[in-house]
Amino acid sequence: MTTVVILGSGNVASHLINAFLLTEEIKITQVYTRNTTTEIPNFKKENIVHTLEELKEADIYILSVSDTAVHSLAEKIPFQNKLIVHTSGTLNIQILPKTARKGVFYPLQTFSKNKPLNFQEIPICIEAESDQDYFLLEKISQSISNQTFKINSDQRKSLHVSAVFVCNFVNHLYQIGHEICMEHKIPFEILYPLIKETANKIKQLNPKDAQTGPAKRKDSITINEHLHFLQNDTHKEIYKLLTKSIIDNV
């Protein structure tokens with residue numbers, strides 16, 4: 001059995017804890033969090049620690065904290081030559097201490113704390129400096145997910161940028177669409193089938209081939225009508241920028 005200490009209690013950490021608790025191959029020996037009121041369902045309260053001095057030795061230490069906290073926190077782990085990994089999509093593996101065996105365990109998904117996910121469907125991107133540590137990370141990845149990928153730090157950064165475009169930016173466009181619907185007393189749910197089909201279509205078509213709409217058709221009359229309709233200056237500028245990008249790529 002592989003012993004794991006998780007440092008962090010945010011969105012990613014919470015989902016990792018839930019996933020690890022469902023497998024018999026991994027034992028979470030401790031969870032470190034500065035929040036003294038943190039409670040974790042199905043996890044013993046006495047194994048939640050709030051100071052690094054309380055940490056015990058384990059096979060892997062997983063840092064699931066903000067990017068700005070990774071380096072300083074990793075430096076303070078009171079053990080040497082232990083496998084320390086972070087879960088960041090952007091940070092290089094070399095940000096971890098020289099005295100540690102370094103790795104990355106990056107689950108590629110959007111996490112909200114109270115939104116359940118099937119971890120078996122989440123791709124996990126792993127990286128390690130040695131083959132031995134890579135195989136260990138691969139083992140724990142395969143115990144909770146059906147998709148494990150060997151991704152180096154440069155690839156992971158490009159993957160994270162891509163994820164921002166297809167997830168965070170798209171969700172912001174959902175928000176704008178939601179605001180427009182609410183303003184005009186239209187139920188946002190009417191767009192759900194369109195959203196679903198748009199997402200499903202790119203499983204069969206290249207996104208460029210799947211593109212539709214007035215910009216794709218270079219329908220200047222409809223585009224100008226939309227711009228005249230939009231009263232929010234930010235929404236108008238986003239519409240112009242995306243329209244230009246689509247037209248330039250037709």
# chains A, B, ... in the order shown; residues from 1 in each chain; ligands from 1
$ closest_atom_pairs --of "segment 55-114 of chain A" --to "segment 124-147 of chain A" --cutoff "10 Å" --atoms "only C-alpha atoms" --output "JSON lines"
{"residue": "A:Asp59", "atom": "CA", "partner": "A:Leu136", "partner_atom": "CA", "distance": 9.2}
{"residue": "A:Ile60", "atom": "CA", "partner": "A:Leu137", "partner_atom": "CA", "distance": 8.8}
{"residue": "A:Leu83", "atom": "CA", "partner": "A:Asp133", "partner_atom": "CA", "distance": 7.3}
{"residue": "A:Ile84", "atom": "CA", "partner": "A:Ala128", "partner_atom": "CA", "distance": 9.8}
{"residue": "A:Val85", "atom": "CA", "partner": "A:Ala128", "partner_atom": "CA", "distance": 8.5}
{"residue": "A:His86", "atom": "CA", "partner": "A:Ile126", "partner_atom": "CA", "distance": 9.9}
{"residue": "A:Thr87", "atom": "CA", "partner": "A:Cys125", "partner_atom": "CA", "distance": 9.1}
{"residue": "A:Gly89", "atom": "CA", "partner": "A:Cys125", "partner_atom": "CA", "distance": 9.0}
{"residue": "A:Ile93", "atom": "CA", "partner": "A:Glu127", "partner_atom": "CA", "distance": 7.8}
{"residue": "A:Gln94", "atom": "CA", "partner": "A:Glu129", "partner_atom": "CA", "distance": 9.6}
{"residue": "A:Arg101", "atom": "CA", "partner": "A:Glu129", "partner_atom": "CA", "distance": 7.3}
{"residue": "A:Lys102", "atom": "CA", "partner": "A:Ala128", "partner_atom": "CA", "distance": 6.0}
{"residue": "A:Gly103", "atom": "CA", "partner": "A:Ala128", "partner_atom": "CA", "distance": 4.2}
{"residue": "A:Val104", "atom": "CA", "partner": "A:Glu127", "partner_atom": "CA", "distance": 5.0}
{"residue": "A:Phe105", "atom": "CA", "partner": "A:Ile126", "partner_atom": "CA", "distance": 4.9}
{"residue": "A:Tyr106", "atom": "CA", "partner": "A:Cys125", "partner_atom": "CA", "distance": 5.0}
{"residue": "A:Pro107", "atom": "CA", "partner": "A:Ile124", "partner_atom": "CA", "distance": 4.3}
{"residue": "A:Leu108", "atom": "CA", "partner": "A:Ile124", "partner_atom": "CA", "distance": 6.0}
{"residue": "A:Gln109", "atom": "CA", "partner": "A:Ile124", "partner_atom": "CA", "distance": 8.9}
$ write_last_selection --atoms "N, CA and C atoms" --output "mmCIF file, in the first residue's frame"
data_model
loop_
_atom_site.group_PDB
_atom_site.id
_atom_site.type_symbol
_atom_site.label_atom_id
_atom_site.label_comp_id
_atom_site.auth_asym_id
_atom_site.auth_seq_id
_atom_site.Cartn_x
_atom_site.Cartn_y
_atom_site.Cartn_z
ATOM 1 N N ASP A 59 5.225 7.830 1.638
ATOM 2 C CA ASP A 59 5.848 7.553 0.341
ATOM 3 C C ASP A 59 5.808 8.777 -0.570
ATOM 4 N N ILE A 60 4.692 9.520 -0.513
ATOM 5 C CA ILE A 60 4.512 10.667 -1.402
ATOM 6 C C ILE A 60 3.865 11.816 -0.635
ATOM 7 N N LEU A 83 9.611 11.796 -2.092
ATOM 8 C CA LEU A 83 8.947 12.187 -3.340
ATOM 9 C C LEU A 83 7.902 13.253 -3.028
ATOM 10 N N ILE A 84 8.164 14.465 -3.512
ATOM 11 C CA ILE A 84 7.247 15.582 -3.340
ATOM 12 C C ILE A 84 6.727 15.975 -4.720
ATOM 13 N N VAL A 85 5.417 16.059 -4.863
ATOM 14 C CA VAL A 85 4.830 16.409 -6.160
ATOM 15 C C VAL A 85 3.848 17.563 -5.981
ATOM 16 N N HIS A 86 3.692 18.367 -7.019
ATOM 17 C CA HIS A 86 2.659 19.392 -6.999
ATOM 18 C C HIS A 86 1.588 19.055 -8.038
ATOM 19 N N THR A 87 0.455 19.739 -7.943
ATOM 20 C CA THR A 87 -0.670 19.460 -8.835
ATOM 21 C C THR A 87 -0.947 20.618 -9.795
ATOM 22 N N GLY A 89 -0.867 23.115 -13.062
ATOM 23 C CA GLY A 89 -0.797 22.985 -14.505
ATOM 24 C C GLY A 89 0.289 23.837 -15.131
ATOM 25 N N ILE A 93 8.544 21.469 -12.851
ATOM 26 C CA ILE A 93 8.898 20.483 -11.829
ATOM 27 C C ILE A 93 10.068 20.964 -10.974
ATOM 28 N N GLN A 94 10.921 21.828 -11.561
ATOM 29 C CA GLN A 94 12.132 22.263 -10.865
ATOM 30 C C GLN A 94 11.851 23.274 -9.752
ATOM 31 N N ARG A 101 12.975 14.282 -4.061
ATOM 32 C CA ARG A 101 12.692 13.651 -5.348
ATOM 33 C C ARG A 101 11.446 14.343 -5.887
ATOM 34 N N LYS A 102 11.537 14.841 -7.116
ATOM 35 C CA LYS A 102 10.512 15.748 -7.623
ATOM 36 C C LYS A 102 9.555 15.059 -8.596
ATOM 37 N N GLY A 103 8.290 15.520 -8.554
ATOM 38 C CA GLY A 103 7.306 14.984 -9.479
ATOM 39 C C GLY A 103 6.116 15.920 -9.625
ATOM 40 N N VAL A 104 5.255 15.588 -10.579
ATOM 41 C CA VAL A 104 4.021 16.353 -10.822
ATOM 42 C C VAL A 104 2.876 15.357 -10.979
ATOM 43 N N PHE A 105 1.740 15.707 -10.369
ATOM 44 C CA PHE A 105 0.532 14.883 -10.438
ATOM 45 C C PHE A 105 -0.614 15.838 -10.726
ATOM 46 N N TYR A 106 -0.883 16.072 -12.022
ATOM 47 C CA TYR A 106 -1.799 17.137 -12.452
ATOM 48 C C TYR A 106 -3.080 16.553 -13.029
ATOM 49 N N PRO A 107 -4.195 16.616 -12.284
ATOM 50 C CA PRO A 107 -5.475 16.171 -12.829
ATOM 51 C C PRO A 107 -6.070 17.277 -13.706
ATOM 52 N N LEU A 108 -6.305 16.953 -14.961
ATOM 53 C CA LEU A 108 -6.783 17.955 -15.918
ATOM 54 C C LEU A 108 -8.309 17.996 -15.902
ATOM 55 N N GLN A 109 -8.843 18.881 -15.081
ATOM 56 C CA GLN A 109 -10.288 19.025 -14.975
ATOM 57 C C GLN A 109 -10.596 20.339 -14.263
#
$ select_by_dssp --residues "segment 139-208 of chain A" --states "alpha helix (DSSP H)" --output "PyMOL selection string"
chain A and resi 139-144+153-163+170-183+192-201+207-208
$ write_last_selection --atoms "C-alpha atoms" --output "PDB file, in the first residue's frame"
ATOM      1  CA  LYS A 139       0.543   3.307 -10.075  1.00  0.00           C
ATOM      2  CA  ILE A 140      -1.438   5.709  -7.899  1.00  0.00           C
ATOM      3  CA  SER A 141      -2.815   7.493 -10.962  1.00  0.00           C
ATOM      4  CA  GLN A 142      -4.117   4.246 -12.430  1.00  0.00           C
ATOM      5  CA  SER A 143      -5.750   3.366  -9.111  1.00  0.00           C
ATOM      6  CA  ILE A 144      -8.118   6.349  -9.406  1.00  0.00           C
ATOM      7  CA  SER A 153       6.655  20.615 -17.777  1.00  0.00           C
ATOM      8  CA  ASP A 154       6.693  22.430 -21.135  1.00  0.00           C
ATOM      9  CA  GLN A 155       3.869  20.287 -22.491  1.00  0.00           C
ATOM     10  CA  ARG A 156       1.857  20.784 -19.310  1.00  0.00           C
ATOM     11  CA  LYS A 157       2.103  24.565 -19.579  1.00  0.00           C
ATOM     12  CA  SER A 158       0.790  24.488 -23.155  1.00  0.00           C
ATOM     13  CA  LEU A 159      -1.937  22.082 -22.045  1.00  0.00           C
ATOM     14  CA  HIS A 160      -2.948  24.445 -19.240  1.00  0.00           C
ATOM     15  CA  VAL A 161      -3.135  27.404 -21.632  1.00  0.00           C
ATOM     16  CA  SER A 162      -5.316  25.311 -23.954  1.00  0.00           C
ATOM     17  CA  ALA A 163      -7.500  24.370 -20.983  1.00  0.00           C
ATOM     18  CA  VAL A 170     -15.865  29.304 -22.602  1.00  0.00           C
ATOM     19  CA  ASN A 171     -17.470  29.359 -19.146  1.00  0.00           C
ATOM     20  CA  HIS A 172     -17.137  33.141 -19.094  1.00  0.00           C
ATOM     21  CA  LEU A 173     -18.974  33.251 -22.418  1.00  0.00           C
ATOM     22  CA  TYR A 174     -21.677  31.103 -20.794  1.00  0.00           C
ATOM     23  CA  GLN A 175     -21.900  33.771 -18.095  1.00  0.00           C
ATOM     24  CA  ILE A 176     -22.355  36.514 -20.700  1.00  0.00           C
ATOM     25  CA  GLY A 177     -25.018  34.456 -22.490  1.00  0.00           C
ATOM     26  CA  HIS A 178     -26.719  33.859 -19.137  1.00  0.00           C
ATOM     27  CA  GLU A 179     -26.750  37.600 -18.370  1.00  0.00           C
ATOM     28  CA  ILE A 180     -28.269  38.415 -21.768  1.00  0.00           C
ATOM     29  CA  CYS A 181     -30.949  35.758 -21.304  1.00  0.00           C
ATOM     30  CA  MET A 182     -31.810  36.947 -17.789  1.00  0.00           C
ATOM     31  CA  GLU A 183     -31.967  40.574 -18.938  1.00  0.00           C
ATOM     32  CA  TYR A 192     -28.511  23.593 -22.912  1.00  0.00           C
ATOM     33  CA  PRO A 193     -29.089  21.386 -26.018  1.00  0.00           C
ATOM     34  CA  LEU A 194     -27.006  23.787 -28.128  1.00  0.00           C
ATOM     35  CA  ILE A 195     -24.191  23.778 -25.565  1.00  0.00           C
ATOM     36  CA  LYS A 196     -24.272  19.975 -25.397  1.00  0.00           C
ATOM     37  CA  GLU A 197     -24.221  19.514 -29.175  1.00  0.00           C
ATOM     38  CA  THR A 198     -21.388  22.032 -29.573  1.00  0.00           C
ATOM     39  CA  ALA A 199     -19.270  20.092 -27.058  1.00  0.00           C
ATOM     40  CA  ASN A 200     -20.150  16.685 -28.504  1.00  0.00           C
ATOM     41  CA  LYS A 201     -19.528  17.701 -32.118  1.00  0.00           C
ATOM     42  CA  PRO A 207     -13.093  22.349 -34.173  1.00  0.00           C
ATOM     43  CA  LYS A 208     -12.316  24.435 -37.247  1.00  0.00           C
TER      44      LYS A 208
END
$ closest_residue --among "A:Val250, A:Ile238, A:Ile77, A:Ile28" --to "Thr51 of chain A" --atoms "only C-alpha atoms"
A:Ile77
$ atom_distance --atom1 "atom CA of Ala210 of chain A" --atom2 "atom CA of Val166 of chain A"
14.5 Å
$ closest_residue --among "A:Thr29, A:Asn168, A:Asn18, A:Asn152" --to "Asn42 of chain A" --atoms "only C-alpha atoms"
A:Asn18
$ select_by_dssp --residues "segment 57-231 of chain A" --states "strand (DSSP E or B)" --output "mmCIF file with C-alpha atoms, in the first residue's frame"
data_model
loop_
_atom_site.group_PDB
_atom_site.id
_atom_site.type_symbol
_atom_site.label_atom_id
_atom_site.label_comp_id
_atom_site.auth_asym_id
_atom_site.auth_seq_id
_atom_site.Cartn_x
_atom_site.Cartn_y
_atom_site.Cartn_z
ATOM 1 C CA ILE A 60 4.512 10.667 -1.402
ATOM 2 C CA TYR A 61 3.731 14.236 -0.387
ATOM 3 C CA ILE A 62 1.170 15.860 -2.705
ATOM 4 C CA LEU A 63 1.078 19.657 -2.631
ATOM 5 C CA LEU A 83 8.947 12.187 -3.340
ATOM 6 C CA ILE A 84 7.247 15.582 -3.340
ATOM 7 C CA VAL A 85 4.830 16.409 -6.160
ATOM 8 C CA HIS A 86 2.659 19.392 -6.999
ATOM 9 C CA ARG A 101 12.692 13.651 -5.348
ATOM 10 C CA LYS A 102 10.512 15.748 -7.623
ATOM 11 C CA GLY A 103 7.306 14.984 -9.479
ATOM 12 C CA VAL A 104 4.021 16.353 -10.822
ATOM 13 C CA PHE A 105 0.532 14.883 -10.438
ATOM 14 C CA TYR A 106 -1.799 17.137 -12.452
ATOM 15 C CA PRO A 107 -5.475 16.171 -12.829
ATOM 16 C CA ILE A 124 -3.966 12.701 -14.926
ATOM 17 C CA CYS A 125 -0.704 14.126 -16.258
ATOM 18 C CA ILE A 126 2.384 12.868 -14.457
ATOM 19 C CA GLU A 127 6.059 13.720 -14.516
ATOM 20 C CA ALA A 128 9.025 12.560 -12.454
ATOM 21 C CA THR A 148 -2.776 8.566 -17.334
ATOM 22 C CA PHE A 149 -0.463 10.631 -19.545
ATOM 23 C CA LYS A 150 3.281 11.217 -19.410
#
$ residues_around --residues "Leu16 of chain A" --least-positions-apart "2" --cutoff "9 Å" --atoms "only C-alpha atoms" --output "list in words"
Ile6, Asn11, Val12, Ala13, Ser14, Asn18, Ala19, Phe20, Leu21, Ser64, Pro107, Phe119 and Ile144 of chain A
$ write_last_selection --atoms "C-alpha atoms" --output "compact mmCIF listing (two decimals), in the first residue's frame"
# COMPACT_ATOMS: atom_id res chain seq x y z
CA ILE A 6 -1.87 15.64 1.07
CA ASN A 11 -11.02 22.21 -4.60
CA VAL A 12 -8.38 19.93 -6.15
CA ALA A 13 -7.24 18.56 -2.79
CA SER A 14 -10.80 17.74 -1.74
CA ASN A 18 -12.30 11.63 -2.04
CA ALA A 19 -10.79 9.62 -4.91
CA PHE A 20 -7.97 8.16 -2.80
CA LEU A 21 -10.37 7.18 -0.04
CA SER A 64 -2.38 20.74 -3.75
CA PRO A 107 -5.47 16.17 -12.83
CA PHE A 119 -12.37 10.61 -11.16
CA ILE A 144 -8.12 6.35 -9.41
$ closest_residue --among "A:Leu22, A:Val31, A:Leu7, A:Leu191" --to "Lys76 of chain A" --atoms "only C-alpha atoms"
A:Leu7
$ atom_distance --atom1 "atom CA of Val4 of chain A" --atom2 "atom CA of Lys98 of chain A"
20.3 Å
$ residues_around --residues "segment 217-230 of chain A" --least-positions-apart "2" --cutoff "12 Å" --atoms "only C-alpha atoms" --output "PyMOL selection string"
chain A and resi 176-177+179-180+183-184+211-215+232-250
$ residues_around --residues "Phe111 of chain A" --least-positions-apart "3" --cutoff "9 Å" --atoms "only C-alpha atoms" --output "number ranges by chain"
A: 11-12, 15, 114-117
$ atom_distance --atom1 "atom CA of Asn35 of chain A" --atom2 "atom CA of Leu96 of chain A"
23.3 Å
